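One file, input-v5.txt, carrying compact mmCIF, C-alpha atoms:
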```txt
# COMPACT_ATOMS: atom_id res chain seq x y z
CA GLY V 9 -1.34 19.64 -13.31
CA GLU V 10 -0.37 22.51 -11.05
CA ASN V 11 -2.67 21.60 -8.19
CA LYS V 12 -2.85 18.10 -6.70
CA ASN V 13 -6.61 18.46 -6.23
CA GLY V 14 -7.59 19.68 -9.68
CA GLY V 15 -7.73 18.76 -13.32
CA VAL V 16 -9.95 18.56 -16.37
CA LEU V 17 -12.28 15.76 -17.41
CA ALA V 18 -14.28 15.62 -20.63
CA LEU V 19 -16.91 12.94 -21.22
CA VAL V 20 -17.95 12.48 -24.84
CA LYS V 21 -20.65 10.16 -26.18
CA LEU V 22 -19.11 7.09 -27.88
CA ASP V 23 -20.56 7.76 -31.34
CA ILE V 24 -19.11 11.29 -31.51
CA GLN V 25 -15.85 11.66 -33.41
CA VAL V 26 -13.34 13.47 -31.20
CA THR V 27 -9.63 14.30 -31.48
CA ARG V 28 -7.44 15.52 -28.64
CA ILE V 29 -5.32 18.53 -29.61
CA GLU V 30 -1.85 18.88 -28.12
CA CYS V 31 -1.75 21.54 -25.41
CA LYS V 32 1.19 22.05 -23.05
CA LEU V 33 -0.70 24.30 -20.62
CA PRO V 34 -1.24 22.59 -17.25
CA ASN V 35 -4.88 21.76 -16.46
CA VAL V 36 -6.10 22.57 -19.98
CA CYS V 37 -7.55 19.94 -22.33
CA VAL V 38 -8.36 20.79 -25.96
CA LEU V 39 -10.66 18.63 -28.10
CA ASP V 40 -11.99 18.87 -31.63
CA ILE V 41 -15.44 17.40 -32.18
CA LYS V 42 -16.24 16.56 -35.77
CA GLY V 43 -19.66 17.33 -37.22
CA GLU V 44 -20.50 19.36 -40.31
CA GLU V 45 -17.99 21.79 -38.83
CA ILE V 46 -15.22 21.28 -36.29
CA LEU V 47 -16.14 22.39 -32.77
CA HIS V 48 -13.20 23.19 -30.48
CA ILE V 49 -13.77 22.45 -26.80
CA VAL V 50 -11.24 23.85 -24.35
CA GLY V 51 -11.58 22.38 -20.86
CA VAL V 52 -10.01 24.55 -18.16
CA TYR V 53 -9.09 24.29 -14.52
CA ALA V 54 -7.58 27.65 -13.57
CA PRO V 55 -6.38 27.61 -9.97
CA GLU V 56 -5.30 30.90 -8.40
CA SER V 57 -1.72 29.61 -8.76
CA LYS V 58 -1.94 28.91 -12.53
CA SER V 59 1.30 29.55 -14.45
CA TRP V 60 -0.44 30.68 -17.66
CA THR V 61 -2.55 33.69 -18.66
CA TRP V 62 -5.95 33.86 -20.34
CA GLU V 63 -4.18 35.05 -23.49
CA ASP V 64 -2.33 31.69 -23.60
CA LEU V 65 -5.69 30.04 -24.40
CA SER V 66 -6.29 32.24 -27.46
CA PRO V 67 -4.45 30.00 -30.00
CA PHE V 68 -6.94 27.22 -29.18
CA LEU V 69 -10.00 29.34 -29.98
CA SER V 70 -11.92 29.33 -33.25
CA ASN V 71 -15.07 30.86 -34.72
CA LYS V 72 -16.98 27.87 -33.26
CA CYS V 73 -15.71 26.92 -29.81
CA VAL V 74 -16.54 26.40 -26.15
CA VAL V 75 -14.19 27.21 -23.26
CA PHE V 76 -15.58 25.39 -20.24
CA GLY V 77 -14.50 24.71 -16.69
CA ASP V 78 -13.42 26.10 -13.34
CA PHE V 79 -12.17 29.63 -13.97
CA ASN V 80 -11.95 30.66 -10.30
CA VAL V 81 -13.42 34.01 -11.32
CA ASP V 82 -16.84 35.03 -9.98
CA MET V 83 -18.24 37.50 -12.52
CA ASP V 84 -20.35 39.23 -9.87
CA ARG V 85 -17.74 39.57 -7.11
CA ASP V 86 -14.15 39.56 -8.33
CA GLY V 87 -13.59 43.18 -9.44
CA LYS V 88 -10.24 43.67 -11.19
CA LYS V 89 -9.81 39.93 -11.80
CA VAL V 90 -13.13 39.74 -13.67
CA GLU V 91 -12.31 42.91 -15.65
CA MET V 92 -9.12 41.29 -17.01
CA PHE V 93 -10.92 38.01 -17.70
CA LEU V 94 -13.84 39.66 -19.53
CA ALA V 95 -11.48 41.92 -21.51
CA TRP V 96 -9.78 38.77 -22.85
CA ALA V 97 -13.17 37.13 -23.53
CA ASP V 98 -14.46 40.24 -25.35
CA ALA V 99 -11.28 40.52 -27.43
CA ASN V 100 -11.89 36.93 -28.57
CA PHE V 101 -15.65 37.39 -29.20
CA LEU V 102 -16.57 34.93 -26.44
CA THR V 103 -20.01 35.01 -24.81
CA PRO V 104 -20.32 33.82 -21.18
CA PHE V 105 -22.97 31.29 -20.14
CA THR V 106 -23.37 30.65 -16.41
CA PRO V 107 -25.51 28.19 -14.47
CA GLU V 108 -28.24 29.61 -12.25
CA LEU V 109 -26.92 28.10 -9.01
CA SER V 110 -23.61 28.32 -7.17
CA THR V 111 -20.94 25.90 -8.38
CA SER V 112 -18.56 26.23 -5.42
CA LEU V 113 -19.81 24.26 -2.44
CA ARG V 114 -17.35 26.07 -0.13
CA TRP V 115 -18.05 29.72 -0.98
CA ASN V 116 -21.51 29.99 -2.59
CA ARG V 117 -20.03 31.40 -5.80
CA ILE V 118 -20.42 30.68 -9.51
CA ILE V 119 -16.88 30.01 -10.74
CA ASP V 120 -17.58 27.13 -13.17
CA TYR V 121 -19.17 28.14 -16.47
CA ALA V 122 -18.61 28.35 -20.22
CA LEU V 123 -17.63 30.92 -22.82
CA THR V 124 -18.62 30.32 -26.44
CA ALA V 125 -18.05 31.66 -29.92
CA GLY V 126 -20.38 30.80 -32.78
CA LEU V 127 -23.01 28.88 -30.82
CA SER V 128 -25.49 29.10 -27.99
CA ILE V 129 -25.57 26.57 -25.16
CA ASP V 130 -27.47 25.72 -22.02
CA ILE V 131 -25.37 25.09 -18.91
CA GLN V 132 -26.87 23.25 -15.96
CA ASN V 133 -25.81 22.10 -12.51
CA TYR V 134 -25.74 18.36 -11.82
CA SER V 135 -28.08 17.66 -8.89
CA GLY V 136 -26.74 14.26 -7.82
CA ASN V 137 -24.10 13.40 -5.23
CA THR V 138 -20.50 14.47 -5.69
CA THR V 139 -17.22 14.06 -3.81
CA SER V 140 -15.96 17.36 -5.24
CA ASP V 141 -16.03 20.77 -3.60
CA HIS V 142 -17.82 21.94 -6.75
CA THR V 143 -21.24 21.10 -8.12
CA PRO V 144 -20.56 19.46 -11.49
CA SER V 145 -21.96 21.35 -14.48
CA TYR V 146 -22.79 20.11 -17.92
CA LEU V 147 -23.46 21.69 -21.29
CA LEU V 148 -26.31 21.03 -23.69
CA PHE V 149 -25.93 21.97 -27.33
CA GLN V 150 -26.79 20.64 -30.74
CA GLN V 151 -23.89 19.73 -33.01
CA SER V 152 -24.92 19.54 -36.65
```

As C-alpha cells, the full file:
Amino acid sequence: GENKNGGVLALVKLDIQVTRIECKLPNVCVLDIKGEEILHIVGVYAPESKSWTWEDLSPFLSNKCVVFGDFNVDMDRDGKKVEMFLAWADANFLTPFTPELSTSLRWNRIIDYALTAGLSIDIQNYSGNTTSDHTPSYLLFQQS
C-alpha cells in the first residue's frame, strides 16, 4: 500500500463463494461474490496521499456493487473535496450509506462508509474494542 498504517481487509463467511479480482490500485481490494447475480465489492483505503483518482475505481463498478471503506472524505465538512467525490459517485449511480456515529476516533468525523448501486444496505459501527484509530464498520445486506 501507499501508507504503512493502512490497508483493506474483507471478511467473508466461509460458505459464500468469492473471487478476488485483479486490481493494481494501491489499497483497493475487489471481490466478486456469487449468488443469483454477481455482487462486486470494492474495498477502499484512500489516504490523502493516494496516487489514484476516484475515476480509477469506475472500471470495477457494476449495476450491483458496493464500494466500502475509508474514503477520508467527510460528506458534511469537506467542501470541494466532497463535491468532487459526490460528482464521481453520482456519475456512477452510487448511493451513499453512512453510519450514525463518527468513525474516526481522532477527529470525530464520519469518513468510513459505503456507496452502492443496485441494492440497499445497513451500515453499523462495531462497538467492541479496537487497536485502530477508526471505529470498525460493517455492512448488512441480503444476497439472493

Self-check item: Spatial neighbours of segment 114-119 of chain V, 7 Å, all atoms listed in the file, chain gap at least 6 places, as a ChimeraX atom specification
Solution: /V:78-82,141

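Of the listed residues V:Asp120, V:Glu63, V:Asp86, V:Asp130, the one whose atoms come nearest to Pro144 of chain V is V:Asp120, with distances taken using only C-alpha atoms.
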
Box for segment 72-77 of chain V: with edges along x, y and z, all listed atoms inside and 6 Å added on each side, what are the centre and edge lengths in Å to one decimal, as JSON?
```
{"center_x": -15.6, "center_y": 26.3, "center_z": -25.0, "size_x": 14.8, "size_y": 15.2, "size_z": 28.6}
```

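As for atom CA of Ile49 of chain V and atom CA of Ser70 of chain V, they are spaced 9.6 Å apart.
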
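Separating atom CA of Tyr53 of chain V from atom CA of Glu108 of chain V is a distance of 20.0 Å.
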
Quiz prompt | Pick from V:Gly77, V:Leu147, V:Thr61, V:Leu47 nearest to Lys89 of chain V, counting all atoms listed in the file | solution = V:Thr61

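In this model, the gap between atom CA of Ala95 of chain V and atom CA of Ser66 of chain V comes to 12.5 Å.
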